[in-house]
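Participant: Coordinates in structure.txt, compact mmCIF, C-alpha atoms, are listed below.
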# COMPACT_ATOMS: atom_id res chain seq x y z
CA MET V 184 27.59 -8.14 -32.97
CA SER V 185 26.70 -5.25 -30.69
CA ASN V 186 27.24 -5.40 -26.97
CA SER V 187 23.53 -5.46 -26.32
CA SER V 188 22.83 -8.42 -28.59
CA GLN V 189 25.72 -10.25 -27.00
CA HIS V 190 23.96 -9.73 -23.75
CA HIS V 191 20.71 -11.09 -25.18
CA ASP V 192 22.48 -14.32 -25.99
CA LYS V 193 23.69 -14.59 -22.44
CA TYR V 194 22.06 -17.16 -20.21
CA MET V 195 22.39 -17.44 -16.48
CA LYS V 196 22.34 -21.08 -15.41
CA PHE V 197 21.80 -22.53 -11.99
CA ALA V 198 21.72 -26.12 -10.71
CA ILE V 199 19.96 -26.37 -7.37
CA PRO V 200 19.54 -29.57 -5.32
CA GLY V 201 15.88 -30.46 -4.84
CA THR V 202 15.53 -29.80 -1.11
CA GLU V 203 13.85 -26.94 0.74
CA ILE V 204 17.07 -25.68 2.30
CA ALA V 205 18.95 -25.91 -1.02
CA VAL V 206 16.13 -23.98 -2.69
CA ARG V 207 16.49 -21.22 -0.10
CA ASN V 208 20.24 -21.00 -0.79
CA GLY V 209 19.69 -21.30 -4.54
CA LEU V 210 17.24 -18.40 -4.47
CA ALA V 211 19.78 -16.24 -2.65
CA ASP V 212 22.44 -17.12 -5.26
CA THR V 213 20.03 -16.45 -8.14
CA ILE V 214 18.88 -13.08 -6.83
CA SER V 215 22.48 -12.17 -6.11
CA ALA V 216 23.46 -12.99 -9.73
CA LEU V 217 20.52 -10.88 -11.00
CA ARG V 218 21.70 -7.83 -9.00
CA VAL V 219 23.76 -6.93 -12.07
CA LEU V 220 20.47 -5.89 -13.72
CA ASN V 221 19.93 -3.10 -11.16
CA LEU V 222 16.21 -3.73 -10.74
CA SER V 223 13.95 -2.26 -8.07
CA GLY V 224 13.43 -3.97 -4.74
CA GLU V 225 9.85 -4.67 -5.76
CA ASP V 226 11.01 -6.44 -8.93
CA TYR V 227 13.48 -8.58 -6.99
CA GLY V 228 10.67 -9.45 -4.59
CA THR V 229 8.45 -10.56 -7.47
CA ILE V 230 11.23 -12.58 -9.10
CA GLU V 231 12.15 -14.33 -5.85
CA LEU V 232 8.51 -15.16 -5.13
CA VAL V 233 7.84 -16.70 -8.57
CA LEU V 234 11.08 -18.69 -8.57
CA ALA V 235 10.45 -19.84 -4.98
CA GLU V 236 6.95 -21.08 -5.77
CA VAL V 237 8.10 -23.02 -8.83
CA MET V 238 11.03 -24.60 -6.98
CA ASN V 239 8.95 -25.43 -3.90
CA ASN V 240 6.50 -27.25 -6.17
CA ILE V 241 9.30 -29.23 -7.80
CA VAL V 242 10.68 -30.23 -4.38
CA GLU V 243 7.28 -31.05 -2.94
CA HIS V 244 5.74 -32.88 -5.90
CA ALA V 245 8.13 -33.73 -8.77
CA TYR V 246 10.91 -34.78 -6.39
CA ALA V 247 8.59 -35.95 -3.59
CA ASP V 248 10.52 -39.24 -3.30
CA SER V 249 13.81 -38.20 -4.92
CA PRO V 250 16.00 -36.49 -2.33
CA ASP V 251 18.89 -36.43 -4.83
CA GLY V 252 17.00 -34.58 -7.56
CA VAL V 253 18.46 -31.49 -9.16
CA ILE V 254 16.56 -28.42 -10.37
CA GLU V 255 18.05 -26.72 -13.42
CA LEU V 256 17.17 -23.07 -13.92
CA THR V 257 18.10 -20.95 -16.92
CA ILE V 258 17.35 -17.22 -16.99
CA GLN V 259 17.72 -15.04 -20.05
CA PRO V 260 17.19 -11.30 -19.51
CA LYS V 261 15.62 -9.52 -22.49
CA GLU V 262 13.83 -6.21 -22.95
CA ARG V 263 10.43 -7.80 -22.22
CA GLY V 264 11.57 -9.43 -19.03
CA LEU V 265 13.28 -12.49 -17.63
CA TYR V 266 12.77 -15.63 -19.71
CA CYS V 267 12.96 -18.53 -17.28
CA THR V 268 13.25 -22.26 -17.97
CA PHE V 269 13.07 -24.92 -15.26
CA ASN V 270 14.08 -28.54 -15.91
CA ASP V 271 13.71 -31.44 -13.51
CA ASN V 272 13.73 -35.23 -13.78
CA GLY V 273 10.90 -35.82 -11.31
CA HIS V 274 7.30 -36.94 -11.55
CA PRO V 275 5.22 -35.32 -14.29
CA MET V 276 2.54 -32.75 -13.49
CA PRO V 277 -0.80 -34.33 -12.61
CA ASP V 278 -2.87 -34.71 -15.83
CA GLY V 279 0.17 -33.50 -17.78
CA THR V 280 -0.73 -29.84 -17.30
CA VAL V 281 0.04 -26.95 -14.99
CA PRO V 282 -2.53 -26.72 -12.18
CA LEU V 283 -5.10 -23.94 -12.61
CA GLY V 284 -4.27 -22.47 -9.23
CA ASN V 285 -7.68 -20.96 -8.58
CA LEU V 286 -8.04 -19.31 -5.18
CA SER V 287 -10.51 -20.96 -2.83
CA SER V 288 -13.27 -18.77 -1.49
CA LEU V 289 -12.28 -16.88 1.64
CA ASN V 290 -15.89 -16.15 2.49
CA CYS V 291 -16.03 -18.92 5.08
CA GLU V 292 -15.44 -19.80 8.72
CA VAL V 293 -11.85 -19.55 9.97
CA ASP V 294 -11.69 -23.35 10.27
CA ASP V 295 -12.44 -23.71 6.55
CA LEU V 296 -9.82 -21.24 5.30
CA PRO V 297 -7.37 -22.73 2.77
CA GLU V 298 -3.80 -23.33 4.00
CA GLY V 299 -2.44 -24.17 0.57
CA GLY V 300 -3.10 -23.83 -3.11
CA PHE V 301 -1.64 -20.32 -3.22
CA GLY V 302 1.52 -21.34 -5.06
CA TRP V 303 0.18 -21.86 -8.58
CA PHE V 304 -2.15 -18.91 -8.16
CA LEU V 305 0.85 -16.67 -7.45
CA ILE V 306 2.88 -18.15 -10.33
CA ARG V 307 0.03 -17.65 -12.79
CA ASP V 308 -0.60 -14.16 -11.46
CA LEU V 309 3.01 -12.98 -11.67
CA ALA V 310 4.39 -14.93 -14.66
CA ARG V 311 3.45 -14.66 -18.36
CA ASP V 312 3.50 -17.17 -21.25
CA LEU V 313 3.54 -20.15 -18.90
CA GLU V 314 4.19 -23.40 -20.78
CA TYR V 315 4.79 -26.95 -19.59
CA LYS V 316 6.23 -29.84 -21.55
CA ARG V 317 7.15 -33.39 -20.59
CA LYS V 318 10.04 -34.54 -22.74
CA CYS V 319 12.34 -37.56 -22.40
CA GLY V 320 11.43 -38.01 -18.74
CA LYS V 321 12.02 -34.35 -17.95
CA ASN V 322 9.62 -31.64 -16.84
CA ILE V 323 10.25 -28.42 -18.74
CA LEU V 324 8.49 -25.30 -17.50
CA THR V 325 9.01 -21.98 -19.27
CA PHE V 326 7.64 -18.53 -18.53
CA ARG V 327 8.48 -14.87 -18.61
CA ILE V 328 8.57 -12.52 -15.65
CA ALA V 329 7.39 -9.29 -17.23
CA ILE V 330 9.63 -6.61 -15.83
CA GLU V 331 11.16 -3.79 -17.78
CA LEU V 332 14.87 -4.12 -18.41
CA PRO V 333 15.73 -0.78 -19.99
CA ASN V 334 19.33 -0.83 -18.86
CA LEU V 335 20.63 -4.23 -19.80
CA PRO V 336 24.24 -4.25 -18.63
CA VAL V 337 26.94 -4.43 -21.24
CA SER V 338 28.80 -7.66 -20.78
CA MET Q 129 14.13 -19.42 13.87
CA GLN Q 130 13.08 -17.30 16.79
CA LEU Q 131 9.83 -15.94 18.14
CA GLU Q 132 9.96 -13.26 20.86
CA THR Q 133 6.90 -12.61 22.96
CA THR Q 134 5.81 -9.63 25.04
CA THR Q 135 2.47 -8.55 26.42
CA ARG Q 136 0.86 -5.15 26.07
CA ASN Q 137 -2.64 -4.08 27.08
CA ASP Q 138 -3.59 -7.70 27.72
CA ALA Q 139 -2.54 -8.64 24.20
CA LEU Q 140 0.26 -10.97 23.25
CA ILE Q 141 2.79 -9.55 20.78
CA ILE Q 142 4.87 -12.15 18.96
CA THR Q 143 7.83 -10.81 17.00
CA ALA Q 144 9.11 -13.08 14.24
CA VAL Q 145 12.87 -12.52 14.45
CA MET Q 146 13.71 -14.06 11.08
CA PRO Q 147 14.35 -12.74 7.58
CA ARG Q 148 12.04 -15.22 5.85
CA ILE Q 149 9.07 -17.47 6.45
CA ASP Q 150 9.46 -19.99 3.65
CA ALA Q 151 8.89 -23.64 2.83
CA ALA Q 152 12.04 -24.64 4.71
CA ILE Q 153 10.69 -23.44 8.08
CA ALA Q 154 6.91 -23.30 7.57
CA ILE Q 155 6.10 -26.36 9.69
CA GLN Q 156 8.49 -25.33 12.47
CA PHE Q 157 7.04 -21.81 12.38
CA LYS Q 158 3.49 -23.13 12.75
CA ASP Q 159 4.48 -25.40 15.67
CA GLU Q 160 6.33 -22.62 17.51
CA MET Q 161 3.51 -20.15 16.91
CA ARG Q 162 1.02 -22.62 18.34
CA ASP Q 163 3.20 -23.09 21.43
CA ALA Q 164 3.63 -19.32 21.82
CA CYS Q 165 -0.13 -18.70 21.60
CA ASP Q 166 -1.20 -21.65 23.75
CA GLY Q 167 -3.05 -20.47 26.86
CA GLY Q 168 -2.42 -16.84 25.90
CA PRO Q 169 -4.77 -13.86 25.79
CA ALA Q 170 -7.58 -13.44 23.28
CA ARG Q 171 -5.66 -10.97 21.18
CA VAL Q 172 -2.43 -12.04 19.47
CA VAL Q 173 -0.45 -9.61 17.28
CA LEU Q 174 2.25 -11.11 15.06
CA ASP Q 175 4.89 -8.49 14.23
CA LEU Q 176 6.55 -9.26 10.88
CA ALA Q 177 8.87 -6.22 10.77
CA ASP Q 178 12.00 -8.38 10.37
CA VAL Q 179 10.52 -10.59 7.65
CA ASP Q 180 11.61 -9.63 4.13
CA PHE Q 181 10.22 -12.63 2.29
CA ILE Q 182 7.29 -14.97 2.61
CA ASP Q 183 6.20 -17.67 0.18
CA SER Q 184 2.92 -19.58 -0.11
CA SER Q 185 4.11 -22.14 2.45
CA GLY Q 186 4.82 -19.36 4.95
CA LEU Q 187 1.44 -17.81 4.23
CA GLY Q 188 -0.16 -21.21 4.76
CA ALA Q 189 1.64 -21.53 8.10
CA ILE Q 190 0.21 -18.19 9.29
CA VAL Q 191 -3.30 -19.23 8.22
CA ALA Q 192 -2.80 -22.59 9.92
CA THR Q 193 -1.72 -20.79 13.10
CA MET Q 194 -4.95 -18.83 13.16
CA LYS Q 195 -6.94 -22.03 12.76
CA LEU Q 196 -5.05 -23.65 15.65
CA LEU Q 197 -5.87 -20.83 18.09
CA ALA Q 198 -8.42 -21.30 20.85
CA PRO Q 199 -11.96 -20.30 19.82
CA ASP Q 200 -11.75 -17.04 21.77
CA GLN Q 201 -8.34 -16.06 20.32
CA LYS Q 202 -7.71 -13.92 17.28
CA LEU Q 203 -4.52 -13.43 15.27
CA GLU Q 204 -3.66 -9.99 13.91
CA LEU Q 205 -0.64 -8.93 11.87
CA ALA Q 206 1.59 -5.88 12.07
CA THR Q 207 4.43 -4.24 10.13
CA LEU Q 208 4.32 -6.05 6.82
CA SER Q 209 7.22 -5.29 4.48
CA ASP Q 210 6.32 -4.52 0.85
CA ASN Q 211 7.15 -8.07 -0.27
CA VAL Q 212 5.12 -9.67 2.51
CA ASP Q 213 2.21 -7.28 2.02
CA LYS Q 214 2.13 -8.15 -1.68
CA VAL Q 215 1.64 -11.87 -0.98
CA PHE Q 216 -1.26 -11.12 1.38
CA ARG Q 217 -2.86 -8.75 -1.14
CA LEU Q 218 -2.46 -11.01 -4.19
CA THR Q 219 -3.99 -13.99 -2.38
CA ARG Q 220 -6.64 -11.72 -0.80
CA MET Q 221 -5.59 -12.94 2.63
CA ASP Q 222 -5.43 -9.27 3.58
CA SER Q 223 -9.23 -9.55 3.86
CA VAL Q 224 -8.96 -12.33 6.44
CA PHE Q 225 -6.54 -10.72 8.92
CA ALA Q 226 -6.60 -7.39 10.69
CA ILE Q 227 -3.35 -5.84 9.43
CA HIS Q 228 -1.73 -2.92 11.23
CA SER Q 229 1.02 -0.68 9.85
CA THR Q 230 2.99 -1.04 13.12
CA THR Q 231 2.50 -2.73 16.48
CA ASP Q 232 1.90 0.74 17.95
CA ALA Q 233 -0.87 1.26 15.41
CA ALA Q 234 -2.37 -2.05 16.47
CA PHE Q 235 -3.05 -0.47 19.87
CA THR Q 236 -3.87 3.03 18.70
CA ASN Q 237 -6.57 1.60 16.44
CA ILE Q 238 -8.17 -0.16 19.37
CA ILE Q 239 -8.39 3.10 21.31
CA HIS Q 240 -10.00 4.83 18.34
CA ALA Q 241 -12.40 1.97 17.81
CA SER Q 242 -13.67 1.84 21.39
Give the structure from this file in structure tokens form.

Facilitator:
Amino acid sequence: MSNSSQHHDKYMKFAIPGTEIAVRNGLADTISALRVLNLSGEDYGTIELVLAEVMNNIVEHAYADSPDGVIELTIQPKERGLYCTFNDNGHPMPDGTVPLGNLSSLNCEVDDLPEGGFGWFLIRDLARDLEYKRKCGKNILTFRIAIELPNLPVS
Amino acid sequence: MQLETTTRNDALIITAVMPRIDAAIAIQFKDEMRDACDGGPARVVLDLADVDFIDSSGLGAIVATMKLLAPDQKLELATLSDNVDKVFRLTRMDSVFAIHSTTDAAFTNIIHAS
């Protein structure tokens, strides 16, 4: 097996407690672990934003009444980007699907501007191949963050 | 979390001295912004130079701040980092706020405009 295919088999795994502060720390740990990929600052910004939005949703909705919940994140770097899988044991998505995340109209009075609903819009905008499954009481969300990884490190 | 305030040309400048405005501090940020703006001048400029990261909760807190201002007050933004600017652009919130490249530019622009 070549070094590069060994790397393709390599998963990065993270277990992050389902609270807002733990998510903040978990994001820092995740980005720090991904520094080995030598990506641009812009790419790290995109990755952190997508991961933050997904984890905030899990904390806010799936684990709304489960302060002891744990978020499991697996990241597999490949040439076509970062393949991400989130697992949690919280409430299922409403209607069993990922919210559409359409932006509300901004052509309105200041008082009517939306204060939320940006999260799923950003996830759908920045992630590819988004899929959601409910299996054995777990939420499983998979997607790819499409960034070029031309220089996968040799492990 | 820390907000520093100064005044310049009858405007209030609020500097967010924090590396991130995220879900963990969004509510606190909104409350402290409201207190900082309360009874202040019509023009409020929020300087985000120190902020490297904002998520949708942080964005929501800034929008909420604008909605909490007095009817004659207006919130403007200055010095957005690339990551912060991206969130405003993607959500098209850059069309809702006056956004200045720096706090100095926020005042230069006014001179040009008048």

Participant: If the cut-off is 6 Å, can you tell me the residues of chain V near chain Q, counting all atoms listed in the file? I'd like them as a PyMOL selection string.

Facilitator: chain V and resi 203-204+228+294+298-299+301-302

Participant: Excluding Q:Ile227 and its own-chain neighbours fewer than 3 positions away, which residues fall within 8 Å of it when counting only C-alpha atoms? Please give them as a ChimeraX atom specification.

Facilitator: /Q:204-207,222

Participant: Check the smallest atom-to-atom distance from each of Q:Met161, Q:Ala198, Q:Gln130, Q:Phe225 to Q:Val179 using all atoms listed in the file, then report the winner.

Facilitator: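 Looking only at the distances to Q:Val179, the closest residue turns out to be Q:Gln130.
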
Participant: I'd like the interatomic distance between atom CA of V:Ala245 and atom CA of V:Glu231, to a tenth of an Å.

Facilitator: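 Atom CA of V:Ala245 sits 20.0 Å away from atom CA of V:Glu231.
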
Participant: Within 10 Å of Q:Ala164, counting only C-alpha atoms, which residues qualify if same-chain residues fewer than 3 places away don't, as a count of residues only?

Facilitator: 13

Participant: When you draw a straight line from atom CA of V:Val233 to atom CA of V:Cys291, how long is it in Å?

Facilitator: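 Interatomic distance here is 27.6 Å.
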
Participant: What does the structure give for the distance between atom CA of Q:Thr231 and atom CA of Q:Ala170, in Å to one decimal?

Facilitator: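 If I compute the distance from atom CA of Q:Thr231 to atom CA of Q:Ala170, I get 16.2 Å.
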
Participant: Would you fill out stretch 197-208 of chain V with all heavy atoms and return it as a tab-separated table (two decimals), keeping the file's coordinate frame?

Facilitator:
chain	number	residue	atom	x	y	z
V	197	PHE	N	21.66	-22.13	-13.39
V	197	PHE	CA	21.80	-22.53	-11.99
V	197	PHE	C	21.39	-23.99	-11.84
V	197	PHE	O	20.44	-24.43	-12.50
V	197	PHE	CB	20.89	-21.68	-11.09
V	197	PHE	CG	21.10	-20.20	-11.24
V	197	PHE	CD1	20.39	-19.48	-12.19
V	197	PHE	CD2	22.02	-19.53	-10.46
V	197	PHE	CE1	20.58	-18.11	-12.36
V	197	PHE	CE2	22.22	-18.16	-10.61
V	197	PHE	CZ	21.50	-17.45	-11.56
V	198	ALA	N	22.10	-24.73	-11.04
V	198	ALA	CA	21.72	-26.12	-10.71
V	198	ALA	C	21.53	-26.17	-9.20
V	198	ALA	O	22.46	-25.88	-8.44
V	198	ALA	CB	22.80	-27.10	-11.15
V	199	ILE	N	20.31	-26.47	-8.78
V	199	ILE	CA	19.96	-26.37	-7.37
V	199	ILE	C	19.44	-27.72	-6.88
V	199	ILE	O	18.48	-28.26	-7.46
V	199	ILE	CB	18.87	-25.28	-7.18
V	199	ILE	CG1	19.44	-23.92	-7.64
V	199	ILE	CG2	18.40	-25.22	-5.74
V	199	ILE	CD1	18.39	-22.92	-8.04
V	200	PRO	N	20.04	-28.31	-5.85
V	200	PRO	CA	19.54	-29.57	-5.32
V	200	PRO	C	18.08	-29.44	-4.88
V	200	PRO	O	17.67	-28.37	-4.40
V	200	PRO	CB	20.46	-29.85	-4.13
V	200	PRO	CG	21.71	-29.08	-4.43
V	200	PRO	CD	21.26	-27.85	-5.16
V	201	GLY	N	17.33	-30.51	-5.08
V	201	GLY	CA	15.88	-30.46	-4.84
V	201	GLY	C	15.47	-30.65	-3.40
V	201	GLY	O	14.72	-31.56	-3.08
V	202	THR	N	15.98	-29.79	-2.50
V	202	THR	CA	15.53	-29.80	-1.11
V	202	THR	C	15.14	-28.38	-0.70
V	202	THR	O	15.59	-27.41	-1.33
V	202	THR	CB	16.63	-30.29	-0.14
V	202	THR	OG1	17.69	-29.32	-0.13
V	202	THR	CG2	17.20	-31.64	-0.57
V	203	GLU	N	14.34	-28.27	0.35
V	203	GLU	CA	13.85	-26.94	0.74
V	203	GLU	C	14.99	-26.01	1.14
V	203	GLU	O	14.97	-24.82	0.80
V	203	GLU	CB	12.85	-27.09	1.89
V	203	GLU	CG	11.52	-27.68	1.42
V	203	GLU	CD	10.62	-28.11	2.55
V	203	GLU	OE1	11.11	-28.25	3.69
V	203	GLU	OE2	9.42	-28.33	2.29
V	204	ILE	N	15.96	-26.54	1.87
V	204	ILE	CA	17.07	-25.68	2.30
V	204	ILE	C	17.93	-25.28	1.10
V	204	ILE	O	18.36	-24.12	0.97
V	204	ILE	CB	17.93	-26.41	3.37
V	204	ILE	CG1	17.16	-26.47	4.69
V	204	ILE	CG2	19.27	-25.72	3.57
V	204	ILE	CD1	16.94	-25.12	5.36
V	205	ALA	N	18.16	-26.23	0.17
V	205	ALA	CA	18.95	-25.91	-1.02
V	205	ALA	C	18.23	-24.88	-1.88
V	205	ALA	O	18.87	-24.01	-2.49
V	205	ALA	CB	19.24	-27.18	-1.81
V	206	VAL	N	16.91	-24.96	-1.92
V	206	VAL	CA	16.13	-23.98	-2.69
V	206	VAL	C	16.32	-22.59	-2.08
V	206	VAL	O	16.51	-21.60	-2.79
V	206	VAL	CB	14.64	-24.37	-2.73
V	206	VAL	CG1	13.78	-23.18	-3.13
V	206	VAL	CG2	14.43	-25.53	-3.71
V	207	ARG	N	16.29	-22.52	-0.75
V	207	ARG	CA	16.49	-21.22	-0.10
V	207	ARG	C	17.86	-20.63	-0.48
V	207	ARG	O	17.96	-19.46	-0.84
V	207	ARG	CB	16.40	-21.39	1.42
V	207	ARG	CG	16.60	-20.10	2.16
V	207	ARG	CD	16.78	-20.33	3.63
V	207	ARG	NE	15.51	-20.50	4.33
V	207	ARG	CZ	15.43	-20.63	5.65
V	207	ARG	NH1	16.52	-20.61	6.38
V	207	ARG	NH2	14.26	-20.77	6.23
V	208	ASN	N	18.89	-21.47	-0.42
V	208	ASN	CA	20.24	-21.00	-0.79
V	208	ASN	C	20.32	-20.67	-2.28
V	208	ASN	O	20.96	-19.70	-2.68
V	208	ASN	CB	21.29	-22.04	-0.42
V	208	ASN	CG	21.37	-22.26	1.08
V	208	ASN	OD1	21.08	-21.35	1.86
V	208	ASN	ND2	21.71	-23.45	1.50
